[in-house]
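Trainee: Take a look at protein-v1.txt, compact mmCIF, C-alpha atoms and all ligand atoms:
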```
# COMPACT_ATOMS: atom_id res chain seq x y z
CA MET H 26 -90.98 -54.34 -163.34
CA ASN H 27 -90.71 -57.74 -161.69
CA LYS H 28 -93.72 -57.97 -159.42
CA ALA H 29 -92.40 -60.83 -157.38
CA ARG H 30 -89.35 -58.88 -156.30
CA HIS H 31 -90.82 -55.52 -155.38
CA ALA H 32 -93.76 -53.95 -153.66
CA PRO H 33 -96.34 -52.48 -156.06
CA SER H 34 -94.74 -49.79 -158.17
CA VAL H 35 -95.96 -46.32 -159.01
CA LEU H 36 -97.44 -47.32 -162.35
CA GLU H 37 -99.40 -50.13 -160.75
CA THR H 38 -100.60 -47.74 -158.06
CA PHE H 39 -101.62 -45.01 -160.50
CA PRO H 40 -102.82 -46.55 -163.75
CA VAL H 41 -103.86 -44.51 -166.77
CA GLU H 42 -107.31 -44.43 -168.35
CA LYS H 43 -108.34 -42.29 -171.32
CA GLY H 44 -105.15 -40.30 -171.02
CA GLU H 45 -105.72 -39.48 -167.36
CA LEU H 46 -103.81 -40.60 -164.33
CA MET H 47 -106.11 -42.54 -162.02
CA ILE H 48 -105.87 -42.41 -158.26
CA ALA H 49 -108.03 -44.87 -156.32
CA GLY H 50 -110.11 -45.27 -159.48
CA ILE H 51 -110.71 -41.52 -159.85
CA PRO H 52 -109.42 -39.58 -162.88
CA ILE H 53 -107.03 -36.86 -161.78
CA THR H 54 -109.11 -33.97 -163.18
CA ARG H 55 -112.15 -35.24 -161.30
CA LEU H 56 -110.16 -35.61 -158.09
CA ALA H 57 -108.97 -32.01 -158.49
CA LYS H 58 -112.60 -30.92 -158.72
CA ARG H 59 -113.51 -32.99 -155.70
CA VAL H 60 -110.69 -31.48 -153.65
CA GLY H 61 -111.87 -28.08 -154.82
CA GLN H 62 -108.45 -26.55 -155.37
CA THR H 63 -104.96 -27.09 -156.57
CA PRO H 64 -102.37 -27.60 -155.24
CA PHE H 65 -103.08 -30.69 -153.18
CA TYR H 66 -101.50 -33.89 -151.98
CA ALA H 67 -103.37 -37.14 -152.51
CA TYR H 68 -102.45 -40.38 -150.76
CA ASP H 69 -103.63 -43.78 -151.97
CA ARG H 70 -105.00 -45.80 -149.06
CA GLN H 71 -104.82 -49.11 -150.88
CA ASN H 72 -101.17 -48.64 -151.78
CA ILE H 73 -100.30 -48.14 -148.11
CA THR H 74 -102.24 -51.30 -147.26
CA GLN H 75 -100.49 -53.27 -150.01
CA ARG H 76 -97.03 -52.16 -148.97
CA THR H 77 -97.52 -53.22 -145.38
CA ALA H 78 -98.94 -56.53 -146.61
CA TYR H 79 -95.90 -56.98 -148.85
CA LEU H 80 -93.55 -56.41 -145.93
CA ARG H 81 -95.48 -58.82 -143.73
CA LYS H 82 -95.25 -61.43 -146.43
CA HIS H 83 -91.49 -61.17 -146.87
CA LEU H 84 -90.24 -60.31 -143.39
CA PRO H 85 -90.30 -62.89 -140.59
CA ASP H 86 -93.64 -63.02 -138.71
CA GLU H 87 -91.85 -62.18 -135.51
CA ILE H 88 -90.83 -58.72 -136.74
CA HIS H 89 -92.89 -55.87 -135.29
CA LEU H 90 -93.47 -53.15 -137.86
CA HIS H 91 -93.59 -49.59 -136.61
CA TYR H 92 -94.51 -46.46 -138.52
CA ALA H 93 -92.32 -43.37 -137.98
CA ILE H 94 -94.99 -40.68 -138.00
CA LYS H 95 -92.72 -37.85 -139.06
CA ALA H 96 -92.72 -39.20 -142.64
CA ASN H 97 -96.39 -38.26 -143.00
CA PRO H 98 -98.40 -37.07 -140.00
CA MET H 99 -101.72 -36.48 -141.80
CA PRO H 100 -104.24 -37.72 -139.19
CA ALA H 101 -106.20 -39.89 -141.65
CA VAL H 102 -102.98 -41.54 -142.83
CA VAL H 103 -101.83 -42.19 -139.28
CA GLN H 104 -105.27 -43.60 -138.42
CA HIS H 105 -105.17 -45.88 -141.46
CA LEU H 106 -101.71 -47.11 -140.51
CA ALA H 107 -102.85 -47.75 -136.94
CA GLY H 108 -104.80 -50.70 -138.31
CA LEU H 109 -101.87 -52.03 -140.32
CA VAL H 110 -98.71 -51.72 -138.23
CA ASP H 111 -97.79 -52.92 -134.73
CA GLY H 112 -96.72 -49.59 -133.31
CA PHE H 113 -95.71 -46.00 -133.84
CA ASP H 114 -92.46 -44.13 -133.40
CA LEU H 115 -92.71 -40.48 -132.47
CA ALA H 116 -90.41 -37.53 -132.67
CA SER H 117 -92.49 -34.87 -130.89
CA GLY H 118 -95.34 -34.25 -128.46
CA GLY H 119 -97.56 -33.31 -131.40
CA GLU H 120 -96.96 -36.71 -132.99
CA MET H 121 -97.73 -38.31 -129.63
CA ARG H 122 -101.20 -36.74 -129.60
CA LEU H 123 -101.81 -38.01 -133.15
CA ALA H 124 -100.64 -41.50 -132.22
CA LEU H 125 -102.70 -41.74 -129.06
CA ASP H 126 -105.82 -40.43 -130.84
CA THR H 127 -105.73 -43.49 -133.11
CA GLY H 128 -106.23 -45.84 -130.19
CA MET H 129 -102.82 -47.47 -130.63
CA SER H 130 -101.75 -48.91 -127.27
CA ALA H 131 -99.02 -46.92 -125.52
CA ASP H 132 -97.19 -50.25 -125.06
CA ASN H 133 -96.39 -50.04 -128.74
CA ILE H 134 -95.43 -46.39 -128.97
CA SER H 135 -91.94 -45.00 -128.49
CA PHE H 136 -90.71 -41.44 -128.48
CA ALA H 137 -87.21 -40.59 -129.75
CA GLY H 138 -85.57 -37.29 -130.57
CA PRO H 139 -83.03 -34.95 -129.02
CA GLY H 140 -84.10 -31.99 -126.89
CA LYS H 141 -87.42 -33.35 -125.63
CA SER H 142 -89.11 -30.70 -123.48
CA THR H 143 -90.17 -31.37 -119.91
CA ARG H 144 -93.75 -31.03 -121.13
CA GLU H 145 -93.24 -33.71 -123.79
CA ILE H 146 -91.48 -36.00 -121.32
CA GLY H 147 -94.20 -35.48 -118.71
CA SER H 148 -96.92 -36.33 -121.25
CA ALA H 149 -95.09 -39.43 -122.42
CA ILE H 150 -94.69 -40.67 -118.84
CA ALA H 151 -98.37 -40.09 -118.10
CA ALA H 152 -99.36 -41.84 -121.34
CA GLY H 153 -97.10 -44.84 -120.72
CA VAL H 154 -95.16 -44.21 -123.91
CA THR H 155 -91.56 -45.51 -123.98
CA LEU H 156 -88.98 -42.72 -123.96
CA ASN H 157 -85.94 -43.46 -126.08
CA LEU H 158 -83.25 -41.65 -124.14
CA GLU H 159 -80.98 -39.38 -126.14
CA SER H 160 -78.61 -38.35 -123.35
CA ALA H 161 -77.61 -38.98 -119.74
CA THR H 162 -79.17 -35.66 -118.70
CA GLU H 163 -82.45 -36.60 -120.31
CA LEU H 164 -82.50 -39.72 -118.12
CA GLU H 165 -82.23 -37.56 -114.98
CA THR H 166 -85.13 -35.36 -116.17
CA VAL H 167 -87.25 -38.41 -116.96
CA ALA H 168 -86.57 -39.92 -113.53
CA ARG H 169 -87.42 -36.65 -111.74
CA LEU H 170 -90.68 -36.15 -113.67
CA GLY H 171 -91.61 -39.80 -113.14
CA GLU H 172 -91.14 -39.42 -109.41
CA GLU H 173 -93.31 -36.29 -109.39
CA GLN H 174 -96.08 -38.26 -111.11
CA GLY H 175 -95.58 -41.37 -108.99
CA ILE H 176 -95.05 -43.41 -112.18
CA LYS H 177 -92.07 -45.52 -113.18
CA PRO H 178 -91.18 -44.23 -116.64
CA ARG H 179 -90.67 -46.69 -119.46
CA VAL H 180 -87.27 -46.02 -120.95
CA ALA H 181 -85.11 -47.41 -123.72
CA VAL H 182 -81.64 -46.31 -124.66
CA ARG H 183 -81.17 -44.84 -128.09
CA VAL H 184 -77.67 -45.83 -129.06
CA ASN H 185 -75.42 -43.84 -131.35
CA PRO H 186 -73.71 -46.85 -132.85
CA ASP H 187 -70.02 -47.04 -133.72
CA PHE H 188 -70.93 -47.90 -137.32
CA GLU H 189 -73.10 -46.35 -139.99
CA LEU H 190 -75.57 -47.59 -142.59
CA LYS H 191 -73.47 -47.47 -145.74
CA SER H 192 -74.67 -45.62 -148.86
CA SER H 193 -77.59 -44.02 -147.10
CA GLY H 194 -79.38 -40.87 -148.12
CA MET H 195 -79.16 -39.68 -144.54
CA LYS H 196 -76.73 -40.99 -141.96
CA MET H 197 -78.06 -40.91 -138.46
CA GLY H 198 -75.51 -42.93 -136.56
CA GLY H 199 -71.74 -43.32 -136.33
CA GLY H 200 -69.27 -40.59 -135.42
CA PRO H 201 -70.40 -37.63 -133.32
CA LYS H 202 -74.18 -37.19 -133.52
CA GLN H 203 -76.94 -35.31 -131.73
CA PHE H 204 -78.92 -38.56 -131.84
CA GLY H 205 -78.58 -41.22 -129.23
CA ILE H 206 -75.98 -42.03 -126.62
CA ASP H 207 -72.53 -43.05 -127.87
CA THR H 208 -71.94 -46.81 -127.54
CA GLU H 209 -69.03 -46.16 -125.17
CA GLN H 210 -71.27 -44.22 -122.77
CA VAL H 211 -74.15 -46.68 -122.78
CA PRO H 212 -72.92 -48.96 -119.93
CA ALA H 213 -72.82 -46.03 -117.49
CA VAL H 214 -76.32 -44.92 -118.52
CA LEU H 215 -77.63 -48.48 -118.08
CA LYS H 216 -76.18 -48.59 -114.59
CA ARG H 217 -77.87 -45.30 -113.76
CA ILE H 218 -81.22 -46.57 -115.13
CA GLY H 219 -80.88 -49.43 -112.64
CA GLU H 220 -80.07 -47.08 -109.75
CA LEU H 221 -83.02 -44.85 -110.60
CA GLU H 222 -85.28 -47.93 -110.89
CA GLN H 223 -86.73 -46.94 -114.23
CA ASP H 224 -88.78 -49.43 -116.24
CA PHE H 225 -86.08 -50.48 -118.70
CA GLN H 226 -87.43 -51.65 -122.06
CA GLY H 227 -84.42 -52.08 -124.30
CA PHE H 228 -82.48 -50.47 -127.10
CA HIS H 229 -83.13 -48.31 -130.14
CA ILE H 230 -80.37 -48.44 -132.74
CA PHE H 231 -81.10 -46.41 -135.86
CA SER H 232 -78.19 -46.06 -138.24
CA GLY H 233 -79.55 -44.38 -141.36
CA SER H 234 -82.29 -43.72 -143.83
CA GLN H 235 -83.22 -43.84 -147.55
CA ASN H 236 -81.17 -46.89 -148.47
CA LEU H 237 -81.81 -48.90 -151.65
CA ARG H 238 -79.10 -51.54 -151.18
CA PRO H 239 -80.28 -54.68 -149.38
CA GLU H 240 -76.70 -55.76 -148.68
CA ALA H 241 -76.02 -52.46 -146.85
CA ILE H 242 -79.18 -52.84 -144.78
CA ILE H 243 -78.34 -56.48 -143.97
CA GLU H 244 -74.82 -55.51 -142.89
CA ALA H 245 -76.16 -52.78 -140.60
CA GLN H 246 -78.70 -55.20 -139.12
CA GLU H 247 -75.98 -57.77 -138.41
CA LYS H 248 -73.92 -55.12 -136.64
CA THR H 249 -77.00 -53.88 -134.78
CA PHE H 250 -77.77 -57.30 -133.30
CA ALA H 251 -74.12 -57.82 -132.37
CA LEU H 252 -74.01 -54.42 -130.65
CA ALA H 253 -77.22 -55.12 -128.75
CA TYR H 254 -75.79 -58.41 -127.43
CA ARG H 255 -72.72 -56.60 -126.16
CA LEU H 256 -74.70 -53.80 -124.53
CA ALA H 257 -77.19 -56.21 -122.96
CA ASP H 258 -74.46 -57.45 -120.59
CA ASP H 259 -74.80 -54.17 -118.68
CA ALA H 260 -78.60 -53.88 -118.82
CA PRO H 261 -80.48 -53.59 -115.52
CA SER H 262 -83.05 -56.18 -116.66
CA ALA H 263 -83.82 -58.36 -119.66
CA VAL H 264 -84.06 -56.58 -122.99
CA TYR H 265 -87.75 -56.58 -123.91
CA LYS H 266 -87.55 -54.47 -127.04
CA LEU H 267 -84.88 -54.07 -129.63
CA ASN H 268 -85.63 -51.49 -132.28
CA ILE H 269 -83.15 -52.19 -135.07
CA GLY H 270 -84.09 -49.07 -137.08
CA GLY H 271 -85.17 -49.22 -140.70
CA GLY H 272 -83.65 -47.24 -143.48
CA PHE H 273 -85.69 -48.88 -146.25
CA GLY H 274 -85.60 -46.40 -149.13
CA ILE H 275 -87.73 -45.71 -152.17
CA PRO H 276 -86.50 -44.82 -155.66
CA TYR H 277 -86.80 -41.11 -156.40
CA PHE H 278 -84.43 -40.47 -159.28
CA PRO H 279 -83.70 -41.89 -162.74
CA GLY H 280 -81.70 -45.11 -162.52
CA GLU H 281 -82.73 -45.93 -158.95
CA GLN H 282 -84.30 -49.35 -158.44
CA PRO H 283 -86.84 -50.32 -155.77
CA LEU H 284 -85.35 -51.92 -152.67
CA GLU H 285 -85.50 -55.71 -152.64
CA ILE H 286 -87.08 -56.87 -149.40
CA ILE H 287 -86.77 -60.62 -149.91
CA PRO H 288 -83.00 -60.92 -149.17
CA ILE H 289 -83.45 -58.77 -146.08
CA GLY H 290 -86.22 -61.05 -144.84
CA GLU H 291 -84.15 -64.16 -145.51
CA ARG H 292 -81.14 -62.88 -143.57
CA LEU H 293 -83.38 -61.74 -140.74
CA ASN H 294 -84.61 -65.31 -140.33
CA ASP H 295 -81.04 -66.37 -139.48
CA LEU H 296 -80.44 -63.37 -137.28
CA LEU H 297 -83.62 -64.10 -135.34
CA GLU H 298 -82.48 -67.67 -134.65
CA GLU H 299 -79.38 -66.30 -132.96
CA LYS H 300 -81.45 -63.63 -131.22
CA ALA H 301 -83.67 -66.32 -129.68
CA LYS H 302 -80.57 -67.59 -127.85
CA GLN H 303 -79.00 -64.26 -126.98
CA LEU H 304 -82.01 -62.09 -126.12
CA PRO H 305 -84.95 -64.48 -125.76
CA GLU H 306 -87.32 -61.86 -124.32
CA ALA H 307 -86.71 -59.19 -126.94
CA LYS H 308 -89.34 -58.18 -129.48
CA ILE H 309 -87.62 -57.02 -132.66
CA ILE H 310 -88.95 -53.78 -134.10
CA ILE H 311 -88.31 -52.30 -137.54
CA GLU H 312 -89.34 -48.66 -137.88
CA LEU H 313 -90.19 -47.32 -141.30
CA GLY H 314 -91.41 -44.00 -142.61
CA ARG H 315 -91.06 -43.32 -146.31
CA TYR H 316 -91.13 -46.99 -147.35
CA LEU H 317 -94.71 -47.26 -146.06
CA VAL H 318 -96.13 -43.99 -147.40
CA GLY H 319 -93.75 -42.33 -149.85
CA GLU H 320 -94.89 -44.05 -153.02
CA ALA H 321 -98.56 -43.76 -152.08
CA GLY H 322 -98.55 -39.98 -152.43
CA ILE H 323 -98.70 -37.51 -155.28
CA TYR H 324 -98.52 -33.72 -155.26
CA VAL H 325 -100.74 -32.04 -157.82
CA CYS H 326 -100.51 -28.45 -158.99
CA ARG H 327 -101.84 -26.56 -162.00
CA VAL H 328 -100.07 -24.81 -164.82
CA VAL H 329 -100.98 -21.13 -164.64
CA ASP H 330 -98.62 -19.79 -167.30
CA ARG H 331 -96.42 -21.03 -170.10
CA LYS H 332 -93.65 -18.76 -171.29
CA ILE H 333 -90.52 -18.98 -173.35
CA SER H 334 -87.41 -17.22 -172.12
CA ARG H 335 -84.50 -17.19 -174.53
CA GLY H 336 -85.54 -20.52 -175.95
CA GLN H 337 -86.29 -22.25 -172.61
CA VAL H 338 -89.93 -23.26 -172.11
CA TYR H 339 -91.21 -22.48 -168.61
CA LEU H 340 -94.34 -23.93 -167.11
CA VAL H 341 -95.30 -21.77 -164.14
CA THR H 342 -97.55 -23.55 -161.64
CA ASP H 343 -99.59 -22.60 -158.60
CA GLY H 344 -97.46 -24.95 -156.47
CA GLY H 345 -93.78 -25.25 -155.71
CA LEU H 346 -91.02 -25.23 -153.13
CA HIS H 347 -93.23 -23.83 -150.36
CA HIS H 348 -95.42 -26.94 -150.55
CA HIS H 349 -92.89 -29.53 -151.62
CA LEU H 350 -89.40 -28.59 -150.57
CA ALA H 351 -87.95 -32.04 -151.31
CA ALA H 352 -89.12 -32.05 -154.95
CA SER H 353 -87.49 -28.64 -155.44
CA GLY H 354 -84.18 -30.24 -154.43
CA ASN H 355 -83.71 -28.14 -151.31
CA PHE H 356 -84.36 -30.75 -148.60
CA GLY H 357 -80.85 -31.98 -147.96
CA GLN H 358 -79.97 -32.90 -151.55
CA VAL H 359 -76.42 -32.14 -152.64
CA ILE H 360 -77.18 -32.12 -156.37
CA ARG H 361 -80.65 -31.24 -157.62
CA LYS H 362 -82.35 -34.12 -159.44
CA ASN H 363 -85.89 -34.31 -160.75
CA TYR H 364 -88.51 -36.24 -158.86
CA PRO H 365 -90.71 -38.22 -161.25
CA VAL H 366 -93.11 -35.67 -162.78
CA LEU H 367 -95.85 -36.07 -165.40
CA ILE H 368 -98.71 -34.07 -166.85
CA GLY H 369 -101.56 -35.96 -165.18
CA ASN H 370 -104.29 -35.15 -167.68
CA LYS H 371 -102.09 -35.82 -170.74
CA MET H 372 -100.72 -39.26 -170.09
CA GLU H 373 -101.12 -40.64 -173.61
CA ASN H 374 -100.65 -39.63 -177.23
CA SER H 375 -99.55 -36.08 -176.55
CA GLU H 376 -97.01 -34.02 -178.33
CA THR H 377 -93.98 -33.55 -176.07
CA GLU H 378 -91.57 -30.75 -175.25
CA THR H 379 -88.66 -30.20 -172.90
CA VAL H 380 -89.53 -27.81 -170.10
CA ARG H 381 -88.56 -26.33 -166.80
CA ILE H 382 -91.44 -26.36 -164.31
CA VAL H 383 -91.31 -23.66 -161.67
CA GLY H 384 -93.54 -22.39 -158.87
CA PRO H 385 -94.80 -18.90 -158.12
CA LEU H 386 -92.12 -17.94 -155.62
CA CYS H 387 -89.68 -15.13 -156.27
CA THR H 388 -86.60 -17.30 -155.89
CA PRO H 389 -84.65 -19.29 -158.48
CA LEU H 390 -84.75 -22.24 -156.04
CA ASP H 391 -88.44 -22.77 -156.82
CA ILE H 392 -88.08 -25.54 -159.41
CA LEU H 393 -90.25 -28.65 -159.64
CA ALA H 394 -88.71 -30.11 -162.79
CA ASP H 395 -85.71 -29.11 -164.85
CA ASN H 396 -84.99 -30.11 -168.42
CA MET H 397 -87.73 -32.76 -168.46
CA THR H 398 -89.45 -33.96 -171.60
CA LEU H 399 -93.15 -34.10 -170.90
CA ALA H 400 -96.47 -33.89 -172.69
CA LYS H 401 -96.85 -30.36 -174.07
CA ALA H 402 -98.80 -28.50 -171.40
CA ILE H 403 -100.77 -25.27 -171.30
CA ALA H 404 -102.44 -23.26 -168.56
CA GLY H 405 -105.00 -25.42 -166.75
CA ASP H 406 -103.12 -28.71 -167.12
CA LEU H 407 -102.19 -30.68 -164.01
CA VAL H 408 -98.57 -31.28 -163.03
CA VAL H 409 -98.16 -34.40 -160.88
CA VAL H 410 -95.11 -35.05 -158.72
CA PHE H 411 -94.82 -38.72 -157.69
CA GLN H 412 -93.06 -40.23 -154.66
CA SER H 413 -94.58 -37.44 -152.58
CA GLY H 414 -96.24 -39.32 -149.73
CA ALA H 415 -93.36 -38.75 -147.29
CA TYR H 416 -91.53 -35.58 -146.27
CA GLY H 417 -93.77 -33.52 -148.53
CA PHE H 418 -96.56 -31.46 -146.96
CA SER H 419 -95.19 -31.39 -143.42
CA ALA H 420 -91.57 -30.91 -144.45
CA SER H 421 -92.16 -27.74 -146.46
CA PRO H 422 -92.11 -24.03 -145.56
CA HIS H 423 -95.78 -23.21 -146.28
CA HIS H 424 -95.47 -19.65 -145.03
CA PHE H 425 -92.65 -18.67 -147.32
CA LEU H 426 -94.11 -16.00 -149.69
CA SER H 427 -97.53 -16.13 -147.97
CA HIS H 428 -99.36 -18.20 -150.58
CA PRO H 429 -102.26 -20.43 -149.46
CA PRO H 430 -101.33 -23.92 -148.21
CA PRO H 431 -102.07 -27.09 -150.21
CA LEU H 432 -104.82 -29.48 -149.10
CA GLU H 433 -104.31 -33.17 -148.32
CA VAL H 434 -106.65 -36.05 -149.08
CA LEU H 435 -106.49 -39.77 -148.42
CA VAL H 436 -108.36 -41.62 -151.15
C1 LIG B 1 -86.99 -40.21 -139.54
C2 LIG B 1 -86.82 -41.45 -138.78
C3 LIG B 1 -87.33 -42.65 -139.29
C4 LIG B 1 -88.00 -42.76 -140.61
O1 LIG B 1 -87.11 -42.66 -141.67
P1 LIG B 1 -87.55 -43.08 -143.14
O2 LIG B 1 -86.38 -42.81 -143.97
O3 LIG B 1 -88.72 -42.23 -143.51
O4 LIG B 1 -87.93 -44.52 -143.09
C5 LIG B 1 -87.18 -43.78 -138.52
N1 LIG B 1 -86.58 -43.72 -137.32
C6 LIG B 1 -86.09 -42.59 -136.80
C7 LIG B 1 -85.43 -42.60 -135.48
C8 LIG B 1 -86.18 -41.41 -137.51
O5 LIG B 1 -85.68 -40.29 -137.00
```
Would you kindly transcribe this structure into structure tokens?
Ligand SMILES: *Cc1c(COP(=O)(O)O)cnc(C)c1O
Mentor:
Amino acid sequence: MNKARHAPSVLETFPVEKGELMIAGIPITRLAKRVGQTPFYAYDRQNITQRTAYLRKHLPDEIHLHYAIKANPMPAVVQHLAGLVDGFDLASGGEMRLALDTGMSADNISFAGPGKSTREIGSAIAAGVTLNLESATELETVARLGEEQGIKPRVAVRVNPDFELKSSGMKMGGGPKQFGIDTEQVPAVLKRIGELEQDFQGFHIFSGSQNLRPEAIIEAQEKTFALAYRLADDAPSAVYKLNIGGGFGIPYFPGEQPLEIIPIGERLNDLLEEKAKQLPEAKIIIELGRYLVGEAGIYVCRVVDRKISRGQVYLVTDGGLHHHLAASGNFGQVIRKNYPVLIGNKMENSETETVRIVGPLCTPLDILADNMTLAKAIAGDLVVVFQSGAYGFSASPHHFLSHPPPLEVLV
């Protein structure tokens, strides 16, 4: 892998020594003993640090980096990121408590998401967190709760743009959406923000997620700036913040290549020159989730049984879909593909075989790897699922089948 063109890759993050996968210098079997149980998630602190440093190096200095907490809300991870990024983006009141506990200034925290409760809105107003408005009705609720508290709420308009981020894993803008206010409706909402004398901050324009094509991200960013300039004509004050979304993806499946950041940074330099003329007061924010934490995490479970059914070798583990829904292929994937999986204590010189790795749940959906050729494993060996630092632990149905939950460690 070309180091100059990508952030540190998985194999650099998790080297191998004496046949064992190493995480933060600890052999995987020893880490399993330290954690005290399988299954568990382990996140590599240094990898998270390196990835933010890599972004800082290749994106313009002026860009404010935010972490979208929903990717991985483990408190230690969020605390670590508080020292590395410029702000947090929240999607719930629970995430707001996590964010505020880190000491991150409320000036640099924004709260998006449809259907915010009055309790969440009230807390955000009291905290001084910026509310990214998802509808005209939400604005009325915010204004009423602000008046009750005697505080001018900080608001931004989340825009549902009239374009989408092309070839994205998840499209979150364009067409009818539950997210944001349609471009066409934004001028009326801006007028109302002025009438209600809210503390207008700016715009949030998020058009998609999990993208590996720099040219698609660049195109969406160009359109995002252009849209913001148009909308700013109707703003009740200067635009102080422009959150241009993120969408930076990570490679999960065979054939996928890491996203190249350098061309994105280069184009942003030009876009920022124009921005300085059009919206001189605006801070430009990029919000990222999985790009910052996804590759730093592994999920580790243990083989408890090996059986052969009509010629197919099954490795049955103590972990599965209930802990890691995405790796099972049931978190929005159309076609099931294998996450990168290895036998963590047999990384070298092992005999291999082609296996299906399944969990303990009584459902055929509980698959961690299908038709993968791996080191020949027996009961007691450790199955490692890579690219598990985002949308793993917190995006899985732990209660399904009433097995114990996994643990999480930041090492
Ligand atoms: C989920 C989400 C993100 C993070 O997405 P990633 O693909 O993890 O980078 C960023 N912004 C918003 C508004 C989101 O909902």
Trainee: Mind pulling up the distance from atom CA of H:Gly322 to atom CA of H:Leu390?
Mentor: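 Value for the atom CA of H:Leu390-atom CA of H:Gly322 distance: 22.8 Å.
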Trainee: Any chance you could tabulate, as JSON lines, the residues of chain H at most 6 Å from ligand LIG 1 (chain B) with each one's nearest atom pair and distance in Å to one decimal, using all atoms listed in the file, in chain and rising number order?
Mentor:
```
{"residue": "H:Ala93", "atom": "CA", "partner": "B:LIG1", "partner_atom": "C4", "distance": 5.1}
{"residue": "H:Ala96", "atom": "CA", "partner": "B:LIG1", "partner_atom": "O3", "distance": 5.1}
{"residue": "H:Phe231", "atom": "CA", "partner": "B:LIG1", "partner_atom": "C7", "distance": 5.8}
{"residue": "H:Ser234", "atom": "CA", "partner": "B:LIG1", "partner_atom": "O2", "distance": 4.2}
{"residue": "H:Gln235", "atom": "CA", "partner": "B:LIG1", "partner_atom": "O2", "distance": 4.9}
{"residue": "H:Gly270", "atom": "CA", "partner": "B:LIG1", "partner_atom": "N1", "distance": 5.9}
{"residue": "H:Gly271", "atom": "CA", "partner": "B:LIG1", "partner_atom": "O4", "distance": 6.0}
{"residue": "H:Gly272", "atom": "CA", "partner": "B:LIG1", "partner_atom": "O4", "distance": 5.1}
{"residue": "H:Phe273", "atom": "CA", "partner": "B:LIG1", "partner_atom": "O4", "distance": 5.8}
{"residue": "H:Glu312", "atom": "CA", "partner": "B:LIG1", "partner_atom": "C5", "distance": 5.4}
{"residue": "H:Leu313", "atom": "CA", "partner": "B:LIG1", "partner_atom": "O4", "distance": 4.0}
{"residue": "H:Gly314", "atom": "CA", "partner": "B:LIG1", "partner_atom": "O3", "distance": 3.3}
{"residue": "H:Arg315", "atom": "CA", "partner": "B:LIG1", "partner_atom": "O3", "distance": 3.8}
{"residue": "H:Tyr316", "atom": "CA", "partner": "B:LIG1", "partner_atom": "O4", "distance": 5.9}
```
Trainee: Using only C-alpha atoms, which residue out of H:Ile310, H:Ile88, H:Ile392, H:Ile146 lies closest to H:Asn355?
Mentor: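 The answer is H:Ile392, which sits nearest to H:Asn355.
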Trainee: Residues within 7 Å of stretch 414-427 of chain H, please, as a PyMOL selection string. Count only C-alpha atoms; anything in the same chain fewer than 5 positions from it doesn't count.
Mentor: chain H and resi 68+96-97+315+318-323+347-351+386
Trainee: Using all atoms listed in the file, which of the listed residues (H:Lys95, H:Arg238, H:Lys43, H:Arg255) sits closest to H:Val211?
Mentor: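 Closest to H:Val211 of all the choices is H:Arg255.
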Trainee: Could you check which residues have any atom within 12 Å of (-88.0, -56.1, -126.6), counting only C-alpha atoms with coordinates taken straight from the file, and then list them as a PyMOL selection string?
Mentor: chain H and resi 87-89+132-133+135+155+180-182+225-229+253+257+262-269+300-301+304-311
Trainee: Fewer than 2 positions away in the same chain doesn't count, so skip those; otherwise give me all residues within 10 Å of H:Ala124, counting only C-alpha atoms, as a PyMOL selection string.
Mentor: chain H and resi 94+98+100+103-104+107+112-115+118-122+126-131+134
Trainee: Could you list, as a count of residues only, every residue within 8 Å of H:Arg327, counting all atoms listed in the file and ignoring same-chain residues fewer than 3 positions away?
Mentor: 10
Trainee: Could you jot down the atom CA of H:Phe65 to atom CA of H:Pro431 separation for me, Å, one decimal place?
Mentor: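 Distance reported for this atom pair: 4.8 Å.
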Trainee: Anything within 10 Å of (-72.9, -43.8, -151.6): list those residues as a list in words, counting only C-alpha atoms and sticking to the file's coordinates.
Mentor: Lys191, Ser192, Ser193, Gly194, Asn236 and Arg238 of chain H
Trainee: Using all atoms listed in the file, determine which residues lie at most 10 Å from H:Leu170, disregarding the query and same-chain residues fewer than 3 positions distant; provide the list as a ChimeraX atom specification.
Mentor: /H:143-144,146-148,150-151,164-167,173-178
Trainee: With C-alpha atoms kept, could you save the residues just selected as a PDB file, in the coordinates of the input?
Mentor:
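Here's the written file again31.pdb:
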```pdb
ATOM      1  CA  THR H 143     -90.170 -31.370-119.910  1.00  0.00           C
ATOM      2  CA  ARG H 144     -93.750 -31.030-121.130  1.00  0.00           C
ATOM      3  CA  ILE H 146     -91.480 -36.000-121.320  1.00  0.00           C
ATOM      4  CA  GLY H 147     -94.200 -35.480-118.710  1.00  0.00           C
ATOM      5  CA  SER H 148     -96.920 -36.330-121.250  1.00  0.00           C
ATOM      6  CA  ILE H 150     -94.690 -40.670-118.840  1.00  0.00           C
ATOM      7  CA  ALA H 151     -98.370 -40.090-118.100  1.00  0.00           C
ATOM      8  CA  LEU H 164     -82.500 -39.720-118.120  1.00  0.00           C
ATOM      9  CA  GLU H 165     -82.230 -37.560-114.980  1.00  0.00           C
ATOM     10  CA  THR H 166     -85.130 -35.360-116.170  1.00  0.00           C
ATOM     11  CA  VAL H 167     -87.250 -38.410-116.960  1.00  0.00           C
ATOM     12  CA  GLU H 173     -93.310 -36.290-109.390  1.00  0.00           C
ATOM     13  CA  GLN H 174     -96.080 -38.260-111.110  1.00  0.00           C
ATOM     14  CA  GLY H 175     -95.580 -41.370-108.990  1.00  0.00           C
ATOM     15  CA  ILE H 176     -95.050 -43.410-112.180  1.00  0.00           C
ATOM     16  CA  LYS H 177     -92.070 -45.520-113.180  1.00  0.00           C
ATOM     17  CA  PRO H 178     -91.180 -44.230-116.640  1.00  0.00           C
TER      18      PRO H 178
END
```
